[in-house]
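Containing mmCIF, C-alpha atoms: start.cif.
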```
data_query
#
loop_
_atom_site.group_PDB
_atom_site.id
_atom_site.type_symbol
_atom_site.label_atom_id
_atom_site.label_comp_id
_atom_site.auth_asym_id
_atom_site.auth_seq_id
_atom_site.Cartn_x
_atom_site.Cartn_y
_atom_site.Cartn_z
ATOM 1 C CA MET A 1 8.313 -3.117 -4.250
ATOM 2 C CA LYS A 2 5.840 -5.146 -6.225
ATOM 3 C CA GLN A 3 4.508 -3.549 -9.358
ATOM 4 C CA GLY A 4 1.275 -1.709 -8.634
ATOM 5 C CA ILE A 5 -1.681 -2.416 -10.850
ATOM 6 C CA LYS A 6 -3.739 0.697 -10.198
ATOM 7 C CA THR A 7 -3.775 3.835 -12.254
ATOM 8 C CA ILE A 8 -3.392 7.037 -10.269
ATOM 9 C CA GLN A 9 -7.095 7.756 -10.953
ATOM 10 C CA ASN A 10 -8.143 4.337 -9.580
ATOM 11 C CA LEU A 11 -5.851 4.770 -6.590
ATOM 12 C CA TYR A 12 -7.278 8.205 -5.856
ATOM 13 C CA GLY A 13 -10.834 6.871 -6.184
ATOM 14 C CA GLU A 14 -10.079 4.083 -3.705
ATOM 15 C CA LEU A 15 -8.481 6.541 -1.274
ATOM 16 C CA GLU A 16 -11.594 8.748 -1.438
ATOM 17 C CA ARG A 17 -13.819 5.711 -0.868
ATOM 18 C CA GLN A 18 -11.733 4.733 2.150
ATOM 19 C CA ARG A 19 -11.956 8.263 3.568
ATOM 20 C CA GLU A 20 -15.751 7.970 3.583
ATOM 21 C CA ALA A 21 -15.798 4.390 4.949
ATOM 22 C CA ARG A 22 -13.146 4.591 7.663
ATOM 23 C CA LYS A 23 -13.689 5.604 11.245
ATOM 24 C CA ASP A 24 -11.163 6.290 13.989
ATOM 25 C CA LEU A 25 -12.238 5.882 17.586
ATOM 26 C CA ILE A 26 -10.501 6.704 20.844
ATOM 27 C CA ALA A 27 -11.753 4.192 23.381
ATOM 28 C CA ASP A 28 -11.067 3.287 26.986
ATOM 29 C CA THR A 29 -10.042 -0.372 27.041
ATOM 30 C CA ARG A 30 -12.664 -1.001 29.740
ATOM 31 C CA SER A 31 -15.331 -0.338 27.083
ATOM 32 C CA ILE A 32 -13.829 -2.916 24.686
ATOM 33 C CA ASN A 33 -14.798 -6.578 24.518
ATOM 34 C CA ILE A 34 -13.483 -9.362 22.253
ATOM 35 C CA SER A 35 -15.591 -12.402 21.380
ATOM 36 C CA SER A 36 -14.601 -15.227 19.051
ATOM 37 C CA THR A 37 -16.786 -17.701 17.184
ATOM 38 C CA ASN A 38 -15.663 -20.225 14.561
ATOM 39 C CA GLY A 39 -12.249 -18.593 14.167
ATOM 40 C CA VAL A 40 -13.680 -15.087 13.694
ATOM 41 C CA SER A 41 -13.011 -12.482 16.372
ATOM 42 C CA MET A 42 -15.262 -9.488 16.880
ATOM 43 C CA LEU A 43 -14.288 -6.429 18.874
ATOM 44 C CA SER A 44 -17.182 -4.520 20.424
ATOM 45 C CA ILE A 45 -16.962 -1.010 21.818
ATOM 46 C CA SER A 46 -19.564 0.457 24.119
ATOM 47 C CA THR A 47 -19.942 4.155 23.338
ATOM 48 C CA GLY A 48 -22.526 4.789 26.057
ATOM 49 C CA GLU A 49 -25.461 5.070 23.654
ATOM 50 C CA ASP A 50 -24.514 2.286 21.271
ATOM 51 C CA ILE A 51 -22.338 -0.794 20.811
ATOM 52 C CA LEU A 52 -20.141 -0.841 17.703
ATOM 53 C CA SER A 53 -18.727 -4.152 16.456
ATOM 54 C CA TYR A 54 -15.861 -4.858 14.072
ATOM 55 C CA HIS A 55 -14.167 -7.958 12.664
ATOM 56 C CA VAL A 56 -10.580 -8.069 13.977
ATOM 57 C CA THR A 57 -7.961 -8.313 11.213
ATOM 58 C CA ASP A 58 -4.758 -10.334 11.584
ATOM 59 C CA ILE A 59 -2.766 -7.106 11.906
ATOM 60 C CA ALA A 60 -5.006 -5.834 14.708
ATOM 61 C CA HIS A 61 -4.703 -9.228 16.455
ATOM 62 C CA ARG A 62 -0.924 -8.897 16.344
ATOM 63 C CA GLN A 63 -1.093 -5.345 17.742
ATOM 64 C CA ILE A 64 -3.447 -6.432 20.544
ATOM 65 C CA ALA A 65 -1.145 -9.315 21.472
ATOM 66 C CA ASP A 66 1.862 -7.007 21.453
ATOM 67 C CA ARG A 67 0.178 -4.362 23.598
ATOM 68 C CA LEU A 68 -1.045 -6.913 26.152
ATOM 69 C CA ASN A 69 2.357 -8.667 26.245
ATOM 70 C CA ILE A 70 0.870 -11.974 25.144
ATOM 71 C CA PRO A 71 3.438 -13.895 23.065
ATOM 72 C CA TYR A 72 2.024 -13.997 19.552
ATOM 73 C CA LYS A 73 2.639 -17.720 19.044
ATOM 74 C CA TYR A 74 0.574 -18.431 22.179
ATOM 75 C CA TYR A 75 -2.020 -15.828 21.157
ATOM 76 C CA GLU A 76 -2.460 -17.583 17.795
ATOM 77 C CA ARG A 77 -2.670 -20.990 19.484
ATOM 78 C CA MET A 78 -5.499 -19.727 21.690
ATOM 79 C CA ARG A 79 -7.132 -18.128 18.672
ATOM 80 C CA THR A 80 -7.235 -21.381 16.719
ATOM 81 C CA ASP A 81 -7.460 -24.038 19.446
ATOM 82 C CA TYR A 82 -9.231 -22.362 22.362
ATOM 83 C CA PRO A 83 -10.977 -19.097 21.349
ATOM 84 C CA ALA A 84 -12.829 -18.797 24.668
ATOM 85 C CA LEU A 85 -9.462 -18.686 26.477
ATOM 86 C CA LEU A 86 -8.238 -15.983 24.082
ATOM 87 C CA ASP A 87 -11.350 -13.907 24.769
ATOM 88 C CA LYS A 88 -10.930 -14.324 28.528
ATOM 89 C CA ASN A 89 -7.235 -13.370 28.386
ATOM 90 C CA VAL A 90 -7.683 -10.323 26.157
ATOM 91 C CA ASN A 91 -10.774 -9.024 27.961
ATOM 92 C CA GLY A 92 -9.159 -9.589 31.351
ATOM 93 C CA TRP A 93 -5.990 -7.674 30.450
ATOM 94 C CA LEU A 94 -7.971 -4.851 28.832
ATOM 95 C CA LEU A 95 -9.897 -4.420 32.111
ATOM 96 C CA LYS A 96 -6.917 -4.873 34.432
ATOM 97 C CA ASN A 97 -4.707 -2.275 32.692
ATOM 98 C CA PRO A 98 -7.108 0.413 31.463
ATOM 99 C CA GLU A 99 -5.859 2.927 28.947
ATOM 100 C CA ARG A 100 -7.066 4.880 25.962
ATOM 101 C CA ARG A 101 -6.405 3.342 22.530
ATOM 102 C CA MET A 102 -6.986 4.489 18.977
ATOM 103 C CA LEU A 103 -9.008 2.005 16.975
ATOM 104 C CA ARG A 104 -8.760 2.459 13.210
ATOM 105 C CA THR A 105 -11.619 0.829 11.333
ATOM 106 C CA LEU A 106 -12.499 0.378 7.671
ATOM 107 C CA ASP A 107 -15.309 -1.544 5.970
ATOM 108 C CA GLY A 108 -16.526 -3.124 9.216
ATOM 109 C CA LYS A 109 -13.044 -4.306 10.227
ATOM 110 C CA LEU A 110 -10.722 -3.265 13.038
ATOM 111 C CA ARG A 111 -7.538 -2.720 11.066
ATOM 112 C CA ALA A 112 -5.356 -1.205 13.817
ATOM 113 C CA PHE A 113 -5.139 -1.106 17.631
ATOM 114 C CA LEU A 114 -2.840 1.842 18.379
ATOM 115 C CA SER A 115 -1.806 4.327 21.034
ATOM 116 C CA ASP A 116 -4.196 7.232 21.447
ATOM 117 C CA ARG A 117 -1.157 9.430 20.710
ATOM 118 C CA TYR A 118 -0.524 7.772 17.340
ATOM 119 C CA ARG A 119 0.139 10.499 14.769
ATOM 120 C CA ARG A 120 -1.721 9.402 11.705
ATOM 121 C CA LEU A 121 -0.814 10.467 8.198
ATOM 122 C CA ASP A 122 -3.686 9.431 6.006
ATOM 123 C CA ASN A 123 -2.891 8.236 2.515
ATOM 124 C CA LEU A 124 -5.296 10.596 0.738
ATOM 125 C CA GLU A 125 -3.766 13.637 2.433
ATOM 126 C CA LEU A 126 -0.287 12.400 1.492
ATOM 127 C CA VAL A 127 -1.266 11.883 -2.158
ATOM 128 C CA ASP A 128 -2.946 15.322 -2.235
ATOM 129 C CA HIS A 129 0.365 16.877 -1.175
ATOM 130 C CA VAL A 130 2.833 14.885 -3.276
ATOM 131 C CA LEU A 131 1.036 14.712 -6.632
ATOM 132 C CA PRO A 132 1.419 18.451 -7.367
ATOM 133 C CA VAL A 133 5.112 18.279 -6.388
ATOM 134 C CA ILE A 134 5.719 15.285 -8.659
ATOM 135 C CA ALA A 135 3.841 17.020 -11.502
ATOM 136 C CA GLU A 136 6.227 20.012 -11.243
ATOM 137 C CA MET A 137 9.358 17.828 -11.389
ATOM 138 C CA LYS A 138 10.701 17.829 -14.951
ATOM 139 C CA GLY A 139 10.836 14.376 -16.493
ATOM 140 C CA CYS A 140 9.215 12.613 -13.515
ATOM 141 C CA GLU A 141 6.450 10.098 -13.979
ATOM 142 C CA ILE A 142 4.552 7.802 -11.635
ATOM 143 C CA ILE A 143 5.112 4.381 -13.150
ATOM 144 C CA SER A 144 3.485 2.310 -10.431
ATOM 145 C CA CYS A 145 1.075 2.898 -7.578
ATOM 146 C CA ASP A 146 -0.846 0.612 -5.273
ATOM 147 C CA ILE A 147 -2.620 0.433 -1.966
ATOM 148 C CA THR A 148 -2.582 -2.739 0.091
ATOM 149 C CA GLU A 149 -4.104 -3.624 3.436
ATOM 150 C CA THR A 150 -0.984 -2.250 5.102
ATOM 151 C CA HIS A 151 0.711 0.323 2.820
ATOM 152 C CA LEU A 152 0.401 2.900 0.074
ATOM 153 C CA TYR A 153 3.121 2.852 -2.604
ATOM 154 C CA LEU A 154 4.028 5.367 -5.312
ATOM 155 C CA LYS A 155 6.959 4.560 -7.606
ATOM 156 C CA VAL A 156 8.331 7.536 -9.549
ATOM 157 C CA ILE A 157 11.087 7.607 -12.152
ATOM 158 C CA ASN A 158 12.903 10.539 -13.708
ATOM 159 C CA LYS A 159 13.112 9.928 -17.456
ATOM 160 C CA THR A 160 15.847 12.529 -17.849
ATOM 161 C CA MET A 161 18.169 10.820 -15.376
ATOM 162 C CA LYS A 162 19.232 7.647 -17.135
ATOM 163 C CA ALA A 163 22.471 6.043 -18.147
ATOM 164 C CA GLU A 164 23.645 3.023 -20.065
ATOM 165 C CA ILE A 165 25.793 0.978 -17.681
ATOM 166 C CA VAL A 166 26.746 -1.614 -20.280
ATOM 167 C CA PRO A 167 25.493 -1.740 -23.861
ATOM 168 C CA GLY A 168 21.771 -2.440 -23.718
ATOM 169 C CA ASP A 169 21.515 -2.071 -19.913
ATOM 170 C CA ILE A 170 19.872 1.282 -19.216
ATOM 171 C CA VAL A 171 19.085 2.404 -15.672
ATOM 172 C CA GLN A 172 16.924 5.276 -14.497
ATOM 173 C CA ALA A 173 16.846 7.175 -11.220
ATOM 174 C CA GLY A 174 13.696 7.556 -9.201
ATOM 175 C CA PHE A 175 12.166 7.171 -5.786
ATOM 176 C CA VAL A 176 9.484 5.245 -3.931
ATOM 177 C CA ILE A 177 7.060 6.846 -1.495
ATOM 178 C CA SER A 178 5.414 4.527 1.017
ATOM 179 C CA ASN A 179 3.143 5.064 4.007
ATOM 180 C CA SER A 180 1.236 2.940 6.494
ATOM 181 C CA GLU A 181 -1.931 4.279 8.110
ATOM 182 C CA ILE A 182 -2.007 1.445 10.638
ATOM 183 C CA GLY A 183 1.293 1.732 12.474
ATOM 184 C CA LEU A 184 3.425 -0.570 10.326
ATOM 185 C CA GLY A 185 5.954 2.033 9.282
ATOM 186 C CA ALA A 186 6.499 5.741 8.966
ATOM 187 C CA LEU A 187 6.298 7.757 5.775
ATOM 188 C CA LYS A 188 9.304 6.836 3.624
ATOM 189 C CA VAL A 189 10.797 8.406 0.536
ATOM 190 C CA GLU A 190 13.541 6.117 -0.746
ATOM 191 C CA PRO A 191 15.747 6.484 -3.824
ATOM 192 C CA LEU A 192 15.822 3.790 -6.468
ATOM 193 C CA VAL A 193 17.764 2.966 -9.593
#
```
Show the structure stored in the file as structure tokens.
Amino acid sequence: MKQGIKTIQNLYGELERQREARKDLIADTRSINISSTNGVSMLSISTGEDILSYHVTDIAHRQIADRLNIPYKYYERMRTDYPALLDKNVNGWLLKNPERRMLRTLDGKLRAFLSDRYRRLDNLELVDHVLPVIAEMKGCEIISCDITETHLYLKVINKTMKAEIVPGDIVQAGFVISNSEIGLGALKVEPLV
């Protein structure tokens, strides 16, 4: 895990900001339309009363390609060399095989294109539950935390569990908690030394 640069206060502030800015939608694929201009793809959703539009992130592009069984290398070739063909392919398959999908958005971007049965574990809720537990653990300290486009990371060490393997080489026990809100991995708690 890369070293996080956020303090727990900054991380928590960003998670609260994201809670206010994000929106999850369940949409029928027949109400979704993709349009690309100058290498930028927009996904529009007709809600009946309104049309919502979001920039499609690279991760969401990959999830769309995967769901529609379009080989990603070909998908990317259409995206860069022939965007109109990409739009026609994606929109055609979305209409031909209608289903309900969860669309996770943040800051005007479609960040995930998931099953409507996707069980989400939001990062703020996770942090709200684990921080009190970590605080009660004797000798434990969060030494690194970060949030990326894809994952939340908390790195915790136990200062009381350390040993000198060879003179001058001290190791400590700990664990890393990671989570992805966008379908790129389940909640993980992994030991570390």
For this structure, which residues satisfy the selection - the PyMOL selection byres ((chain A and resi 58-62) around 6) - when it is evaluated on the file as given? I want them as a PDB file with C-alpha atoms, in the frame of the given file.
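Dumped to result-v4.pdb:
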```
ATOM      1  CA  THR A  57      -7.961  -8.313  11.213  1.00  0.00           C
ATOM      2  CA  GLN A  63      -1.093  -5.345  17.742  1.00  0.00           C
ATOM      3  CA  ILE A  64      -3.447  -6.432  20.544  1.00  0.00           C
ATOM      4  CA  ALA A  65      -1.145  -9.315  21.472  1.00  0.00           C
ATOM      5  CA  ARG A 111      -7.538  -2.720  11.066  1.00  0.00           C
ATOM      6  CA  ALA A 112      -5.356  -1.205  13.817  1.00  0.00           C
ATOM      7  CA  PHE A 113      -5.139  -1.106  17.631  1.00  0.00           C
TER       8      PHE A 113
END
```
Give me the residues of region 60-83 of chain A that have any atom at most 12 Å from an atom of region 35-43 of chain A; for each, the nearest atom pair and the distance in Å, rounded to one decimal. Use only C-alpha atoms, sort by chain and number, and format it as JSON lines.
```
{"residue": "A:Ala60", "atom": "CA", "partner": "A:Leu43", "partner_atom": "CA", "distance": 10.2}
{"residue": "A:His61", "atom": "CA", "partner": "A:Ser41", "partner_atom": "CA", "distance": 8.9}
{"residue": "A:Ile64", "atom": "CA", "partner": "A:Leu43", "partner_atom": "CA", "distance": 11.0}
{"residue": "A:Glu76", "atom": "CA", "partner": "A:Gly39", "partner_atom": "CA", "distance": 10.5}
{"residue": "A:Arg77", "atom": "CA", "partner": "A:Gly39", "partner_atom": "CA", "distance": 11.2}
{"residue": "A:Met78", "atom": "CA", "partner": "A:Gly39", "partner_atom": "CA", "distance": 10.2}
{"residue": "A:Arg79", "atom": "CA", "partner": "A:Gly39", "partner_atom": "CA", "distance": 6.8}
{"residue": "A:Thr80", "atom": "CA", "partner": "A:Gly39", "partner_atom": "CA", "distance": 6.3}
{"residue": "A:Asp81", "atom": "CA", "partner": "A:Gly39", "partner_atom": "CA", "distance": 9.0}
{"residue": "A:Tyr82", "atom": "CA", "partner": "A:Gly39", "partner_atom": "CA", "distance": 9.5}
{"residue": "A:Pro83", "atom": "CA", "partner": "A:Ser36", "partner_atom": "CA", "distance": 5.8}
```
Task: Reference answer for the PyMOL selection byres ((chain A and resi 6) around 9), as number ranges by chain - done: A: 4-5, 7-11, 144-147
For the selection you just gave me, I'd like the residues written to a file as a tab-separated table (two decimals), in the frame of the given file, keeping C-alpha atoms.
```tsv
chain	number	residue	atom	x	y	z
A	4	GLY	CA	1.27	-1.71	-8.63
A	5	ILE	CA	-1.68	-2.42	-10.85
A	7	THR	CA	-3.78	3.84	-12.25
A	8	ILE	CA	-3.39	7.04	-10.27
A	9	GLN	CA	-7.10	7.76	-10.95
A	10	ASN	CA	-8.14	4.34	-9.58
A	11	LEU	CA	-5.85	4.77	-6.59
A	144	SER	CA	3.48	2.31	-10.43
A	145	CYS	CA	1.08	2.90	-7.58
A	146	ASP	CA	-0.85	0.61	-5.27
A	147	ILE	CA	-2.62	0.43	-1.97
```
Task: Point-to-point distance in Å for CA of Gly108 (chain A) and CA of Ser53 (chain A) - done: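 Taking CA of Ser53 (chain A) and CA of Gly108 (chain A), their separation equals 7.6 Å.
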- [ ] Identify all residues satisfying the PyMOL selection byres ((chain A and resi 24) around 6) in the given file; provide them as a PyMOL selection string.
- [x] chain A and resi 23+25+103-104
Create the file for the chosen residues now, containing C-alpha atoms and written as a PDB file, in the frame of the given file.
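File produced: result02.pdb:
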```
ATOM      1  CA  LYS A  23     -13.689   5.604  11.245  1.00  0.00           C
ATOM      2  CA  LEU A  25     -12.238   5.882  17.586  1.00  0.00           C
ATOM      3  CA  LEU A 103      -9.008   2.005  16.975  1.00  0.00           C
ATOM      4  CA  ARG A 104      -8.760   2.459  13.210  1.00  0.00           C
TER       5      ARG A 104
END
```
Task: From A:Gln172, A:Thr160, A:Asn123, A:Asn91, residue lying nearest Thr148 (chain A) [only C-alpha atoms] - done: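 Smallest separation from Thr148 (chain A) among the options: A:Asn123.
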Would you kindly return, as a PDB file with C-alpha atoms, in the frame of the given file, each protein, DNA or RNA residue with an atom no farther than 7 Å from any atom of region 173-187 of chain A, considering only C-alpha atoms and excluding same-chain residues fewer than 6 positions away?
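As written to disk, around07.pdb reads:
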```pdb
ATOM      1  CA  ARG A 111      -7.538  -2.720  11.066  1.00  0.00           C
ATOM      2  CA  ALA A 112      -5.356  -1.205  13.817  1.00  0.00           C
ATOM      3  CA  ARG A 120      -1.721   9.402  11.705  1.00  0.00           C
ATOM      4  CA  LEU A 121      -0.814  10.467   8.198  1.00  0.00           C
ATOM      5  CA  ASP A 122      -3.686   9.431   6.006  1.00  0.00           C
ATOM      6  CA  ASN A 123      -2.891   8.236   2.515  1.00  0.00           C
ATOM      7  CA  THR A 150      -0.984  -2.250   5.102  1.00  0.00           C
ATOM      8  CA  HIS A 151       0.711   0.323   2.820  1.00  0.00           C
ATOM      9  CA  LEU A 152       0.401   2.900   0.074  1.00  0.00           C
ATOM     10  CA  TYR A 153       3.121   2.852  -2.604  1.00  0.00           C
ATOM     11  CA  LEU A 154       4.028   5.367  -5.312  1.00  0.00           C
ATOM     12  CA  LYS A 155       6.959   4.560  -7.606  1.00  0.00           C
ATOM     13  CA  VAL A 156       8.331   7.536  -9.549  1.00  0.00           C
ATOM     14  CA  ILE A 157      11.087   7.607 -12.152  1.00  0.00           C
ATOM     15  CA  ASN A 158      12.903  10.539 -13.708  1.00  0.00           C
ATOM     16  CA  MET A 161      18.169  10.820 -15.376  1.00  0.00           C
ATOM     17  CA  LYS A 162      19.232   7.647 -17.135  1.00  0.00           C
ATOM     18  CA  VAL A 193      17.764   2.966  -9.593  1.00  0.00           C
TER      19      VAL A 193
END
```
Return as lines of an AutoDock Vina configuration file the box centre and box size in Å, one decimal, for an axis-aligned box around all listed atoms of region 110-127 of chain A padded by 6 Å per side.
```
center_x = -5.3
center_y = 5.2
center_z = 9.6
size_x = 22.9
size_y = 28.9
size_z = 35.6
```
Open item on the list: What's the separation between CA of Thr105 (chain A) and CA of Gly92 (chain A), in Å to one decimal place?
Closed with: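 Answer for the CA of Thr105 (chain A) to CA of Gly92 (chain A) separation: 22.7 Å.
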- [ ] State, in Å with one decimal place, the distance from CA of Ile45 (chain A) to CA of Arg17 (chain A).
- [x] 23.9 Å
Please write as a PDB file with C-alpha atoms, keeping the file's coordinate frame the list of polymer residues whose atoms come within 6 Å of (-14.2, 3.4, 7.3), counting all atoms listed in the file and keeping to the coordinates of the file.
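Listed below is the output, selection26.pdb:
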```pdb
ATOM      1  CA  GLN A  18     -11.733   4.733   2.150  1.00  0.00           C
ATOM      2  CA  ALA A  21     -15.798   4.390   4.949  1.00  0.00           C
ATOM      3  CA  ARG A  22     -13.146   4.591   7.663  1.00  0.00           C
ATOM      4  CA  LYS A  23     -13.689   5.604  11.245  1.00  0.00           C
ATOM      5  CA  THR A 105     -11.619   0.829  11.333  1.00  0.00           C
ATOM      6  CA  LEU A 106     -12.499   0.378   7.671  1.00  0.00           C
ATOM      7  CA  ASP A 107     -15.309  -1.544   5.970  1.00  0.00           C
TER       8      ASP A 107
END
```
TODO: Identify the residues within 6 Å of coordinate (-11.2, -4.4, 16.2) (same frame as the file), considering all atoms listed in the file, and give the answer as a PyMOL selection string.
DONE: chain A and resi 43+54-56+110
Open item on the list: Using all atoms listed in the file for the distances, tell me which of A:Ser31, A:Arg101, A:Pro71, A:Arg119 is nearest to Glu49 (chain A).
Closed with: A:Ser31
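Among the candidate residues A:Leu95, A:Leu68, A:Leu52, A:Leu85, the one lying nearest to Asp28 (chain A) is A:Leu95, with distances computed using only C-alpha atoms.
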